[in-house]
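Asker: To be precise about what I am sending: the file is called protein24.tsv and holds TSV, C-alpha atoms.
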```tsv
chain	number	residue	atom	x	y	z
A	23	MET	CA	0.00	0.00	0.00
A	24	ASP	CA	1.27	3.45	-0.97
A	25	ALA	CA	2.92	5.29	1.96
A	26	VAL	CA	1.20	8.53	0.95
A	27	GLN	CA	-2.24	6.88	1.08
A	28	LEU	CA	-1.47	5.26	4.43
A	29	ALA	CA	-0.43	8.63	5.86
A	30	ILE	CA	-3.63	10.28	4.60
A	31	GLU	CA	-5.72	7.41	6.02
A	32	GLU	CA	-4.09	7.75	9.44
A	33	ARG	CA	-4.77	11.51	9.46
A	34	VAL	CA	-8.45	10.92	8.56
A	35	PHE	CA	-8.84	8.23	11.27
A	36	GLU	CA	-7.21	10.49	13.86
A	37	GLN	CA	-10.02	13.01	13.14
A	38	HIS	CA	-12.62	10.23	13.50
A	39	ARG	CA	-11.37	9.35	16.98
A	40	HIS	CA	-12.06	12.89	18.23
A	41	HIS	CA	-15.74	12.92	17.24
A	42	PRO	CA	-18.08	11.94	20.10
A	43	LYS	CA	-20.22	8.83	19.53
A	44	ALA	CA	-23.27	10.49	21.13
A	45	GLN	CA	-23.92	12.62	18.03
A	46	PHE	CA	-24.62	9.46	15.99
A	47	PHE	CA	-27.32	8.40	18.46
A	48	TRP	CA	-28.89	11.87	18.34
A	49	VAL	CA	-28.95	11.78	14.52
A	50	TRP	CA	-30.47	8.27	14.58
A	51	GLY	CA	-33.16	9.48	16.99
A	52	ALA	CA	-33.89	12.54	14.82
A	53	LEU	CA	-34.22	10.31	11.72
A	54	LEU	CA	-36.71	8.03	13.49
A	55	VAL	CA	-38.75	11.03	14.71
A	56	ILE	CA	-38.88	12.56	11.20
A	57	THR	CA	-39.98	9.16	9.81
A	58	GLY	CA	-42.78	9.09	12.39
A	59	ILE	CA	-43.85	12.60	11.33
A	60	GLU	CA	-43.93	11.50	7.68
A	61	VAL	CA	-46.13	8.48	8.45
A	62	TYR	CA	-48.48	10.68	10.53
A	63	LEU	CA	-48.76	13.21	7.67
A	64	ALA	CA	-49.58	10.42	5.19
A	65	TYR	CA	-52.87	9.82	7.05
A	66	GLN	CA	-53.92	13.50	7.25
A	67	ASN	CA	-55.76	13.48	3.88
A	68	MET	CA	-53.89	16.55	2.63
A	69	GLU	CA	-53.94	17.94	-0.88
A	70	PRO	CA	-51.38	15.82	-2.84
A	71	ILE	CA	-49.07	18.64	-4.01
A	72	ARG	CA	-48.86	20.03	-0.45
A	73	MET	CA	-48.17	16.59	1.03
A	74	LEU	CA	-45.55	15.87	-1.64
A	75	SER	CA	-43.76	19.16	-0.92
A	76	ILE	CA	-43.67	18.50	2.83
A	77	LEU	CA	-42.56	14.86	2.39
A	78	MET	CA	-39.80	15.84	-0.07
A	79	GLY	CA	-38.63	18.59	2.31
A	80	LEU	CA	-38.44	16.12	5.20
A	81	SER	CA	-36.66	13.55	2.98
A	82	ILE	CA	-34.05	16.15	2.01
A	83	ILE	CA	-33.48	16.93	5.72
A	84	LYS	CA	-33.05	13.20	6.45
A	85	ALA	CA	-30.68	12.82	3.48
A	86	ALA	CA	-28.65	15.82	4.67
A	87	LEU	CA	-28.34	14.33	8.19
A	88	ILE	CA	-27.21	10.96	6.81
A	89	ILE	CA	-24.70	12.50	4.39
A	90	ALA	CA	-23.33	15.00	6.93
A	91	TYR	CA	-22.99	12.77	10.00
A	92	PHE	CA	-23.12	9.11	9.01
A	93	MET	CA	-21.18	9.56	5.75
A	94	HIS	CA	-18.89	12.06	7.49
A	95	MET	CA	-19.23	14.75	4.82
A	96	LYS	CA	-19.56	17.51	7.47
A	97	PHE	CA	-15.95	16.88	8.49
A	98	GLU	CA	-14.46	16.81	4.98
A	99	ILE	CA	-12.71	19.80	3.42
A	100	GLY	CA	-14.68	22.42	1.46
A	101	THR	CA	-13.48	21.21	-1.98
A	102	MET	CA	-14.83	17.71	-1.34
A	103	LYS	CA	-18.17	19.01	-0.03
A	104	TRP	CA	-18.81	21.55	-2.77
A	105	LEU	CA	-17.61	19.48	-5.73
A	106	THR	CA	-19.45	16.26	-4.82
A	107	MET	CA	-22.72	17.71	-3.50
A	108	GLY	CA	-22.79	20.58	-5.97
A	109	SER	CA	-22.40	18.33	-9.02
A	110	LEU	CA	-25.03	15.92	-7.68
A	111	VAL	CA	-27.58	18.72	-7.12
A	112	VAL	CA	-26.92	20.19	-10.57
A	113	CYS	CA	-27.34	16.82	-12.34
A	114	LEU	CA	-30.55	15.97	-10.44
A	115	SER	CA	-31.93	19.44	-11.14
A	116	LEU	CA	-31.27	19.01	-14.86
A	117	MET	CA	-33.64	16.02	-14.89
A	118	CYS	CA	-36.39	18.12	-13.35
A	119	ILE	CA	-36.45	20.42	-16.42
A	120	PHE	CA	-38.74	17.86	-18.08
A	121	LEU	CA	-41.22	17.50	-15.22
A	122	PRO	CA	-43.57	20.32	-16.39
A	123	ASP	CA	-44.08	18.20	-19.54
A	124	ALA	CA	-45.94	15.65	-17.40
A	125	LEU	CA	-48.48	18.32	-16.39
A	126	ARG	CA	-48.79	19.44	-19.99
A	127	ILE	CA	-49.91	15.94	-21.02
A	128	ILE	CA	-52.76	16.14	-18.49
A	129	GLN	CA	-53.82	19.62	-19.73
A	130	LEU	CA	-53.64	18.69	-23.43
A	131	GLY	CA	-55.58	15.48	-22.79
A	132	VAL	CA	-55.22	12.18	-24.61
A	133	ARG	CA	-57.35	10.77	-27.44
B	23	MET	CA	26.00	30.37	16.41
B	24	SER	CA	23.33	30.84	13.78
B	25	ASP	CA	19.80	30.03	14.84
B	26	ILE	CA	18.73	29.13	11.33
B	27	ALA	CA	17.35	25.60	11.38
B	28	ILE	CA	18.67	23.31	8.72
B	29	PRO	CA	15.87	21.03	7.55
B	30	GLN	CA	16.64	17.38	8.21
B	31	ALA	CA	15.32	14.46	6.18
B	32	GLU	CA	12.76	13.55	8.90
B	33	ASP	CA	11.37	17.11	8.93
B	34	ILE	CA	10.28	16.98	5.31
B	35	GLN	CA	6.62	15.96	4.90
B	36	ILE	CA	6.28	12.58	3.19
B	37	TYR	CA	3.12	13.49	1.34
B	38	GLU	CA	1.24	16.33	-0.24
B	39	PRO	CA	-2.37	16.73	0.86
B	40	SER	CA	-4.74	15.24	-1.72
B	41	PHE	CA	-7.01	17.60	-3.68
B	42	PHE	CA	-10.10	16.22	-1.93
B	43	GLY	CA	-8.40	16.02	1.45
B	44	THR	CA	-8.91	12.30	1.86
B	45	TYR	CA	-7.59	8.94	0.65
B	46	SER	CA	-8.16	7.59	-2.87
B	47	LYS	CA	-10.34	4.58	-1.93
B	48	LYS	CA	-12.87	6.92	-0.31
B	49	ILE	CA	-12.87	9.30	-3.27
B	50	GLY	CA	-13.42	6.32	-5.59
B	51	MET	CA	-16.40	5.12	-3.58
B	52	TRP	CA	-17.88	8.66	-3.50
B	53	LEU	CA	-17.59	8.86	-7.31
B	54	PHE	CA	-19.38	5.52	-7.63
B	55	LEU	CA	-22.11	6.70	-5.22
B	56	LEU	CA	-22.61	9.90	-7.22
B	57	SER	CA	-23.18	7.83	-10.37
B	58	ASP	CA	-25.55	5.45	-8.55
B	59	SER	CA	-27.46	8.47	-7.20
B	60	LEU	CA	-28.08	9.53	-10.77
B	61	THR	CA	-29.38	6.03	-11.59
B	62	PHE	CA	-31.90	6.17	-8.76
B	63	GLY	CA	-32.58	9.82	-9.54
B	64	ALA	CA	-33.52	8.84	-13.11
B	65	LEU	CA	-35.78	6.02	-11.85
B	66	LEU	CA	-37.50	8.32	-9.36
B	67	PHE	CA	-37.89	10.99	-12.04
B	68	ALA	CA	-39.50	8.43	-14.39
B	69	TYR	CA	-41.84	7.36	-11.56
B	70	THR	CA	-42.78	10.98	-10.78
B	71	TYR	CA	-43.32	11.80	-14.46
B	72	GLY	CA	-45.47	8.69	-14.96
B	73	ARG	CA	-47.49	9.41	-11.84
B	74	VAL	CA	-48.14	13.09	-12.60
B	75	SER	CA	-49.17	12.34	-16.20
B	76	THR	CA	-51.56	9.48	-15.23
B	77	PRO	CA	-54.88	10.89	-13.98
B	78	ASN	CA	-56.21	7.80	-12.16
B	79	TRP	CA	-53.06	6.79	-10.22
B	80	PRO	CA	-54.15	4.32	-7.51
B	81	THR	CA	-53.49	4.69	-3.78
B	82	PRO	CA	-53.97	1.09	-2.69
B	83	PHE	CA	-51.58	0.54	0.25
B	84	HIS	CA	-53.44	-0.60	3.36
B	85	SER	CA	-52.21	0.20	6.85
B	86	GLU	CA	-50.50	-3.25	7.04
B	87	SER	CA	-48.28	-2.28	4.07
B	88	ILE	CA	-47.50	1.12	5.59
B	89	ARG	CA	-46.73	-0.48	8.99
B	90	ASN	CA	-44.45	-3.00	7.28
B	91	ALA	CA	-42.68	-0.28	5.26
B	92	THR	CA	-42.24	1.85	8.41
B	93	LEU	CA	-40.69	-1.12	10.21
B	94	MET	CA	-38.37	-1.64	7.23
B	95	THR	CA	-37.34	2.04	7.45
B	96	ALA	CA	-36.57	1.61	11.16
B	97	PHE	CA	-34.43	-1.46	10.35
B	98	LEU	CA	-32.41	0.47	7.77
B	99	LEU	CA	-31.92	3.52	9.99
B	100	THR	CA	-30.73	1.27	12.84
B	101	SER	CA	-28.38	-0.50	10.43
B	102	SER	CA	-26.84	2.88	9.55
B	103	LEU	CA	-26.19	3.49	13.25
B	104	THR	CA	-24.58	0.07	13.72
B	105	MET	CA	-22.48	0.69	10.60
B	106	VAL	CA	-21.16	3.98	12.01
B	107	LEU	CA	-20.29	2.16	15.25
B	108	ALA	CA	-18.48	-0.53	13.21
B	109	VAL	CA	-16.39	2.16	11.49
B	110	ARG	CA	-15.57	3.73	14.87
B	111	ALA	CA	-14.50	0.32	16.23
B	112	ALA	CA	-12.33	-0.26	13.14
B	113	VAL	CA	-10.66	3.15	13.52
B	114	GLU	CA	-9.95	2.42	17.21
B	115	GLY	CA	-8.44	-0.96	16.30
B	116	LYS	CA	-11.09	-3.02	18.16
B	117	ALA	CA	-11.43	-6.06	15.86
B	118	ALA	CA	-14.04	-7.95	17.91
B	119	ALA	CA	-16.32	-4.89	18.26
B	120	GLN	CA	-15.87	-4.12	14.56
B	121	ARG	CA	-16.99	-7.61	13.58
B	122	LEU	CA	-19.92	-7.51	16.02
B	123	TRP	CA	-21.23	-4.19	14.69
B	124	LEU	CA	-20.77	-5.33	11.08
B	125	LEU	CA	-22.78	-8.49	11.81
B	126	ALA	CA	-25.48	-6.35	13.49
B	127	THR	CA	-25.62	-4.18	10.36
B	128	MET	CA	-25.95	-7.29	8.19
B	129	ALA	CA	-28.72	-8.63	10.44
B	130	CYS	CA	-30.70	-5.38	10.08
B	131	GLY	CA	-30.15	-5.44	6.31
B	132	LEU	CA	-31.28	-9.05	6.12
B	133	GLY	CA	-34.34	-8.17	8.19
B	134	PHE	CA	-35.15	-5.41	5.70
B	135	VAL	CA	-34.85	-7.80	2.73
B	136	ILE	CA	-36.99	-10.48	4.40
B	137	LEU	CA	-39.74	-7.96	5.32
B	138	HIS	CA	-39.62	-6.53	1.81
B	139	GLY	CA	-39.80	-10.01	0.30
B	140	ARG	CA	-42.87	-10.75	2.44
B	141	GLU	CA	-44.44	-7.47	1.31
B	142	TRP	CA	-43.84	-8.34	-2.34
B	143	SER	CA	-45.27	-11.84	-1.89
B	144	ASN	CA	-48.43	-10.47	-0.23
B	145	LEU	CA	-48.94	-7.88	-2.97
B	146	ILE	CA	-48.37	-10.46	-5.73
B	147	ALA	CA	-50.83	-12.83	-4.02
B	148	GLU	CA	-53.36	-9.94	-3.92
B	149	GLY	CA	-53.03	-9.54	-7.70
B	150	LEU	CA	-50.46	-6.72	-8.04
B	151	THR	CA	-48.11	-8.39	-10.46
B	152	LEU	CA	-46.11	-8.02	-13.66
B	153	PRO	CA	-46.35	-10.15	-16.83
B	154	LEU	CA	-42.76	-11.18	-16.06
B	155	PHE	CA	-43.75	-12.88	-12.76
B	156	PRO	CA	-45.07	-16.45	-12.67
B	157	ALA	CA	-48.83	-16.71	-12.17
B	158	VAL	CA	-49.96	-17.27	-8.57
B	159	PRO	CA	-52.47	-20.15	-8.44
B	160	GLY	CA	-56.02	-19.51	-7.21
B	161	HIS	CA	-56.07	-15.67	-6.97
B	162	ALA	CA	-57.93	-14.63	-10.11
B	163	ASN	CA	-60.21	-12.03	-8.49
B	164	ALA	CA	-57.84	-10.57	-5.94
B	165	GLU	CA	-57.97	-6.95	-4.81
B	166	PHE	CA	-55.03	-5.52	-6.72
B	167	THR	CA	-55.83	-7.29	-10.02
B	168	GLU	CA	-57.97	-4.34	-11.12
B	169	VAL	CA	-55.14	-1.90	-10.27
B	170	ALA	CA	-52.63	-3.93	-12.32
B	171	LYS	CA	-55.05	-4.06	-15.26
B	172	THR	CA	-56.14	-0.40	-15.38
B	173	VAL	CA	-52.84	1.27	-14.40
B	174	PRO	CA	-50.02	-1.14	-15.39
B	175	GLN	CA	-47.46	1.62	-14.72
B	176	PHE	CA	-48.19	1.26	-11.00
B	177	PRO	CA	-46.81	-2.27	-10.56
B	178	ALA	CA	-44.08	-1.59	-13.11
B	179	THR	CA	-42.73	1.44	-11.23
B	180	PHE	CA	-43.32	-0.10	-7.80
B	181	PHE	CA	-41.48	-3.37	-8.51
B	182	GLY	CA	-38.83	-1.60	-10.62
B	183	LEU	CA	-37.91	0.94	-7.95
B	184	THR	CA	-38.18	-1.29	-4.89
B	185	GLY	CA	-36.58	-4.24	-6.73
B	186	MET	CA	-33.56	-2.15	-7.74
B	187	HIS	CA	-33.23	-0.95	-4.14
B	188	MET	CA	-33.62	-4.48	-2.74
B	189	LEU	CA	-30.84	-5.64	-5.06
B	190	HIS	CA	-28.58	-2.88	-3.72
B	191	VAL	CA	-29.36	-3.87	-0.11
B	192	THR	CA	-28.62	-7.54	-0.90
B	193	ILE	CA	-25.29	-6.61	-2.52
B	194	GLY	CA	-24.56	-4.42	0.52
B	195	VAL	CA	-25.17	-7.31	2.94
B	196	ILE	CA	-22.85	-9.53	0.86
B	197	TYR	CA	-20.20	-6.77	0.74
B	198	LEU	CA	-20.31	-6.39	4.53
B	199	GLY	CA	-20.17	-10.17	4.94
B	200	VAL	CA	-16.98	-10.30	2.90
B	201	VAL	CA	-15.39	-7.46	4.90
B	202	ALA	CA	-16.44	-8.98	8.26
B	203	LEU	CA	-15.85	-12.68	7.66
B	204	ARG	CA	-13.86	-13.01	4.40
B	205	LYS	CA	-13.67	-16.66	3.21
B	206	LYS	CA	-15.82	-17.86	6.14
B	207	PHE	CA	-18.74	-15.96	4.57
B	208	ILE	CA	-18.83	-18.12	1.41
B	209	PRO	CA	-20.47	-21.22	2.97
B	210	ILE	CA	-22.92	-18.92	4.81
B	211	LEU	CA	-23.85	-17.28	1.50
B	212	LEU	CA	-24.28	-20.67	-0.16
B	213	GLY	CA	-26.53	-21.71	2.75
B	214	LEU	CA	-28.61	-18.54	2.30
B	215	TRP	CA	-28.91	-19.33	-1.43
B	216	LEU	CA	-30.23	-22.81	-0.70
B	217	VAL	CA	-32.72	-21.51	1.89
B	218	ALA	CA	-33.92	-18.74	-0.47
B	219	TRP	CA	-34.22	-21.12	-3.45
B	220	LEU	CA	-35.74	-24.17	-1.77
B	221	GLY	CA	-37.78	-22.23	0.81
B	222	THR	CA	-39.78	-20.22	-1.74
B	223	PRO	CA	-42.61	-21.61	-3.86
B	224	ALA	CA	-42.03	-22.00	-7.61
B	225	TYR	CA	-44.55	-19.22	-8.40
B	226	SER	CA	-42.60	-16.66	-6.33
B	227	PRO	CA	-40.13	-14.40	-8.23
B	228	PHE	CA	-37.68	-14.90	-5.33
B	229	HIS	CA	-37.42	-18.61	-6.24
B	230	TYR	CA	-35.52	-17.46	-9.34
B	231	ALA	CA	-33.96	-14.26	-7.96
B	232	ALA	CA	-32.26	-16.37	-5.24
B	233	HIS	CA	-29.67	-17.44	-7.83
B	234	VAL	CA	-28.17	-13.94	-7.51
B	235	LEU	CA	-26.75	-15.22	-4.20
B	236	LEU	CA	-25.09	-18.18	-5.98
B	237	LEU	CA	-23.60	-15.80	-8.55
B	238	ALA	CA	-22.34	-13.56	-5.74
B	239	ALA	CA	-20.77	-16.57	-3.97
B	240	ILE	CA	-18.89	-17.52	-7.17
B	241	VAL	CA	-17.68	-13.95	-7.75
B	242	ILE	CA	-16.47	-13.40	-4.17
B	243	SER	CA	-14.74	-16.82	-4.18
B	244	ILE	CA	-12.78	-15.78	-7.26
B	245	ILE	CA	-11.93	-12.39	-5.73
B	246	LEU	CA	-10.90	-13.78	-2.32
B	247	TRP	CA	-8.74	-16.56	-3.78
B	248	LEU	CA	-7.06	-14.38	-6.38
B	249	LYS	CA	-6.50	-11.42	-4.06
B	250	PRO	CA	-6.68	-12.38	-0.40
B	251	LYS	CA	-6.28	-9.41	1.91
B	252	VAL	CA	-6.96	-8.23	5.41
B	253	TYR	CA	-9.70	-5.60	5.33
B	254	ASP	CA	-8.55	-2.61	7.36
B	255	ALA	CA	-10.36	0.46	8.77
B	256	ALA	CA	-10.31	2.19	5.37
B	257	ASP	CA	-12.14	-0.77	3.79
B	258	VAL	CA	-14.74	-0.72	6.58
B	259	GLU	CA	-15.27	3.03	6.16
B	260	VAL	CA	-15.66	2.67	2.37
B	261	ALA	CA	-18.15	-0.21	2.85
B	262	GLY	CA	-19.96	2.05	5.32
B	263	LEU	CA	-20.33	4.77	2.68
B	264	TYR	CA	-22.06	2.28	0.36
B	265	TRP	CA	-24.36	1.12	3.15
B	266	HIS	CA	-25.40	4.66	4.12
B	267	PHE	CA	-26.11	5.39	0.45
B	268	VAL	CA	-28.52	2.44	0.32
B	269	ASP	CA	-30.29	3.86	3.41
B	270	LEU	CA	-30.33	7.32	1.84
B	271	VAL	CA	-32.11	6.12	-1.30
B	272	TRP	CA	-34.82	4.48	0.83
B	273	MET	CA	-35.43	7.86	2.51
B	274	PHE	CA	-36.80	8.99	-0.88
B	275	ILE	CA	-38.45	5.77	-2.05
B	276	PHE	CA	-40.46	5.27	1.16
B	277	PRO	CA	-42.38	8.58	1.07
B	278	LEU	CA	-42.69	8.81	-2.73
B	279	VAL	CA	-43.81	5.24	-3.39
B	280	TYR	CA	-45.50	4.13	-0.16
B	281	LEU	CA	-46.70	7.22	1.71
B	282	MET	CA	-47.99	8.99	-1.42
B	283	SER	CA	-50.04	5.86	-2.27
B	284	THR	CA	-51.58	5.30	1.16
B	285	ARG	CA	-55.18	4.20	1.17
B	286	ILE	CA	-57.06	6.51	3.52
B	287	VAL	CA	-60.41	5.02	4.52
```
Written as structure tokens, that's how I'd like the structure from this file.
Answerer:
Amino acid sequence: MDAVQLAIEERVFEQHRHHPKAQFFWVWGALLVITGIEVYLAYQNMEPIRMLSILMGLSIIKAALIIAYFMHMKFEIGTMKWLTMGSLVVCLSLMCIFLPDALRIIQLGVR
Amino acid sequence: MSDIAIPQAEDIQIYEPSFFGTYSKKIGMWLFLLSDSLTFGALLFAYTYGRVSTPNWPTPFHSESIRNATLMTAFLLTSSLTMVLAVRAAVEGKAAAQRLWLLATMACGLGFVILHGREWSNLIAEGLTLPLFPAVPGHANAEFTEVAKTVPQFPATFFGLTGMHMLHVTIGVIYLGVVALRKKFIPILLGLWLVAWLGTPAYSPFHYAAHVLLLAAIVISIILWLKPKVYDAADVEVAGLYWHFVDLVWMFIFPLVYLMSTRIV
């Protein structure tokens, strides 16, 4: 194994050792609570677009907690955070350009 | 005497910091996860597009399905916690604790797959099926048959999305098994294959999908015999990234597929 890589690994693991374990339990608890809120909202008979917006918002919060704490992204350097998350958000947003087309099909109707 | 320090060989840094500030294995796994995110992103986009453009999209999931899916979510979230604890044990050099937490993660993942398999079997028995699946005997007028007939995109997107995710979870469990147990995992995997194959009826899609486990056993045998290695803390952390990704994807599939299709009586 490359000495450079081993040195970088040891530096990363030294950082790991300083993070308290309690924060992982708090994040796990928060994720379970948010899941409970989502299930509760599913039975409130809300208007679909409103429910979808709230559920997607809660899912993004859960995803952010998992990426930041469990996947350790919060403790990475700025370049890693911005390049990886930024490119992912841009690519996913590009797909959404075509979503209004789905509504257009409903409005135009089908024969 | 001059106070200027003359740099000695041991003072010189032996490495330059990497551009991403971390080791190459981790960067490689992140790049793979970014590409896999786009795969699931495309599937979820196709599901959303199909759902929005179909006026009579069904909302057939009873409370039993929602309870089951919520329990599956709890299993996956707990498995993420045990995975983080496994990484911490690996970093601290505690081999026994590392193995224990990895096995706990695998157990939660296996629980998820079994619950999901039961969910699929119940839905297929109720008539929600695909032309690809074998016919279930004696369920011609079941509840979901009408749904599958009038809106065929519903079963197609449901089984496509959740099936792809289930495959990722299964691969994740196998990956963790290899990291935790190495060659000792191969007979366990072969045992799981036999149980999955012989324990499921011939009309269940899992009777045929079980052979994925045999294929995995062959592949990991080749890898472990050609390149035997001791999996260190970096390997555990990289496996952990994959596992958390699998959990992350479920955080979107659960509300979009299950909660948005809840039957409210």
Asker: Counting all atoms listed in the file, which residues come within 12 Å of (-7.5, -5.6, 6.8), with the point read in the file's coordinates, and could you list them as JSON, numbers by chain?
Answerer: {"A": [23], "B": [112, 113, 115, 117, 120, 121, 200, 201, 202, 203, 204, 250, 251, 252, 253, 254, 255, 256, 257, 258, 259]}
Asker: What does the distance between atom CA of Trp272 of chain B and atom CA of Phe42 of chain B come to in Å, to one decimal place?
Answerer: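 Interatomic distance, atom CA of Trp272 of chain B to atom CA of Phe42 of chain B: 27.5 Å.
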Asker: Using all atoms listed in the file, find which residues of chain A lie within 6 Å of chain B and jot them down as a JSON list (two decimals) with C-alpha atoms, in the frame of the given file.
Answerer:
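Contents of part-v4.json, freshly written:
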```
[["chain", "number", "residue", "atom", "x", "y", "z"],
["A", 26, "VAL", "CA", 1.20, 8.53, 0.95],
["A", 27, "GLN", "CA", -2.24, 6.88, 1.08],
["A", 30, "ILE", "CA", -3.63, 10.28, 4.60],
["A", 31, "GLU", "CA", -5.72, 7.41, 6.02],
["A", 35, "PHE", "CA", -8.84, 8.23, 11.27],
["A", 64, "ALA", "CA", -49.58, 10.42, 5.19],
["A", 81, "SER", "CA", -36.66, 13.55, 2.98],
["A", 85, "ALA", "CA", -30.68, 12.82, 3.48],
["A", 93, "MET", "CA", -21.18, 9.56, 5.75],
["A", 102, "MET", "CA", -14.83, 17.71, -1.34],
["A", 124, "ALA", "CA", -45.94, 15.65, -17.40],
["A", 128, "ILE", "CA", -52.76, 16.14, -18.49]]
```
Asker: Skipping near chain neighbours, those fewer than 4 positions away, what residues fall within 9 Å of Ala218 of chain B using only C-alpha atoms, listed as number ranges by chain?
Answerer: B: 213-214, 222, 228-229, 231-233, 235
Asker: Interatomic distance between atom CA of Phe166 of chain B and atom CA of Leu150 of chain B?
Answerer: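 Interatomic distance here is 4.9 Å.
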Asker: Hey, can you check how far atom CA of Ala90 of chain A sits from atom CA of Lys103 of chain A?
Answerer: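 We find that atom CA of Ala90 of chain A and atom CA of Lys103 of chain A lie 9.5 Å from each other.
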Asker: Any chance you could work out the axis-aligned box around segment 49-63 of chain A, listed atoms only, 6 Å on each side, giving centre and edge lengths in Å to one decimal, as lines of an AutoDock Vina configuration file?
Answerer:
```
center_x = -38.9
center_y = 10.6
center_z = 12.3
size_x = 31.8
size_y = 17.2
size_z = 21.3
```
Asker: Give the answer as one residue: which of B:Asn78, B:Ser243, B:Thr192, B:Ser87 has the shortest atom-to-atom distance to Ile136 of chain B, using all atoms listed in the file?
Answerer: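 Distance minimum relative to Ile136 of chain B lands on B:Thr192.
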Asker: Might you pull out every residue within 8 Å of Thr151 of chain B, with only C-alpha atoms counted and same-chain residues fewer than 3 positions away left off, and present them as a PyMOL selection string?
Answerer: chain B and resi 145-146+155+167+170+177
Asker: Pick out the closest residue to Ala224 of chain B from this set: B:Leu189, B:Asn144, B:Val158, B:Val195. Count only C-alpha atoms.
Answerer: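 Distance minimum relative to Ala224 of chain B lands on B:Val158.
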Asker: For Pro156 of chain B, please output as a PyMOL selection string all residues within 9 Å (counting only C-alpha atoms; exclusion window: fewer than 6 positions along the same chain).
Answerer: chain B and resi 224-227
Asker: Save segment 49-62 of chain A of the structure in the block above to a file, with N, CA and C atoms included, as a PDB file, in the first residue's frame.
Answerer:
```
ATOM      1  N   VAL A  49     -28.531  11.746  15.940  1.00  0.00           N
ATOM      2  CA  VAL A  49     -28.948  11.777  14.520  1.00  0.00           C
ATOM      3  C   VAL A  49     -29.907  10.619  14.244  1.00  0.00           C
ATOM      4  N   TRP A  50     -29.585   9.438  14.766  1.00  0.00           N
ATOM      5  CA  TRP A  50     -30.467   8.271  14.583  1.00  0.00           C
ATOM      6  C   TRP A  50     -31.847   8.550  15.162  1.00  0.00           C
ATOM      7  N   GLY A  51     -31.887   9.130  16.357  1.00  0.00           N
ATOM      8  CA  GLY A  51     -33.157   9.484  16.991  1.00  0.00           C
ATOM      9  C   GLY A  51     -33.937  10.495  16.152  1.00  0.00           C
ATOM     10  N   ALA A  52     -33.231  11.511  15.641  1.00  0.00           N
ATOM     11  CA  ALA A  52     -33.892  12.537  14.817  1.00  0.00           C
ATOM     12  C   ALA A  52     -34.476  11.911  13.547  1.00  0.00           C
ATOM     13  N   LEU A  53     -33.737  10.968  12.947  1.00  0.00           N
ATOM     14  CA  LEU A  53     -34.222  10.314  11.724  1.00  0.00           C
ATOM     15  C   LEU A  53     -35.484   9.506  12.010  1.00  0.00           C
ATOM     16  N   LEU A  54     -35.514   8.817  13.145  1.00  0.00           N
ATOM     17  CA  LEU A  54     -36.710   8.033  13.491  1.00  0.00           C
ATOM     18  C   LEU A  54     -37.901   8.958  13.738  1.00  0.00           C
ATOM     19  N   VAL A  55     -37.667  10.080  14.418  1.00  0.00           N
ATOM     20  CA  VAL A  55     -38.748  11.031  14.708  1.00  0.00           C
ATOM     21  C   VAL A  55     -39.305  11.601  13.401  1.00  0.00           C
ATOM     22  N   ILE A  56     -38.428  11.999  12.487  1.00  0.00           N
ATOM     23  CA  ILE A  56     -38.876  12.560  11.200  1.00  0.00           C
ATOM     24  C   ILE A  56     -39.661  11.506  10.418  1.00  0.00           C
ATOM     25  N   THR A  57     -39.236  10.244  10.488  1.00  0.00           N
ATOM     26  CA  THR A  57     -39.981   9.158   9.815  1.00  0.00           C
ATOM     27  C   THR A  57     -41.381   9.053  10.411  1.00  0.00           C
ATOM     28  N   GLY A  58     -41.476   9.133  11.728  1.00  0.00           N
ATOM     29  CA  GLY A  58     -42.778   9.092  12.391  1.00  0.00           C
ATOM     30  C   GLY A  58     -43.675  10.244  11.936  1.00  0.00           C
ATOM     31  N   ILE A  59     -43.089  11.439  11.794  1.00  0.00           N
ATOM     32  CA  ILE A  59     -43.853  12.603  11.330  1.00  0.00           C
ATOM     33  C   ILE A  59     -44.374  12.359   9.915  1.00  0.00           C
ATOM     34  N   GLU A  60     -43.525  11.783   9.067  1.00  0.00           N
ATOM     35  CA  GLU A  60     -43.930  11.495   7.677  1.00  0.00           C
ATOM     36  C   GLU A  60     -45.106  10.532   7.636  1.00  0.00           C
ATOM     37  N   VAL A  61     -45.046   9.467   8.443  1.00  0.00           N
ATOM     38  CA  VAL A  61     -46.134   8.479   8.448  1.00  0.00           C
ATOM     39  C   VAL A  61     -47.421   9.135   8.958  1.00  0.00           C
ATOM     40  N   TYR A  62     -47.306   9.971   9.977  1.00  0.00           N
ATOM     41  CA  TYR A  62     -48.479  10.683  10.526  1.00  0.00           C
ATOM     42  C   TYR A  62     -49.111  11.557   9.443  1.00  0.00           C
TER      43      TYR A  62
END
```
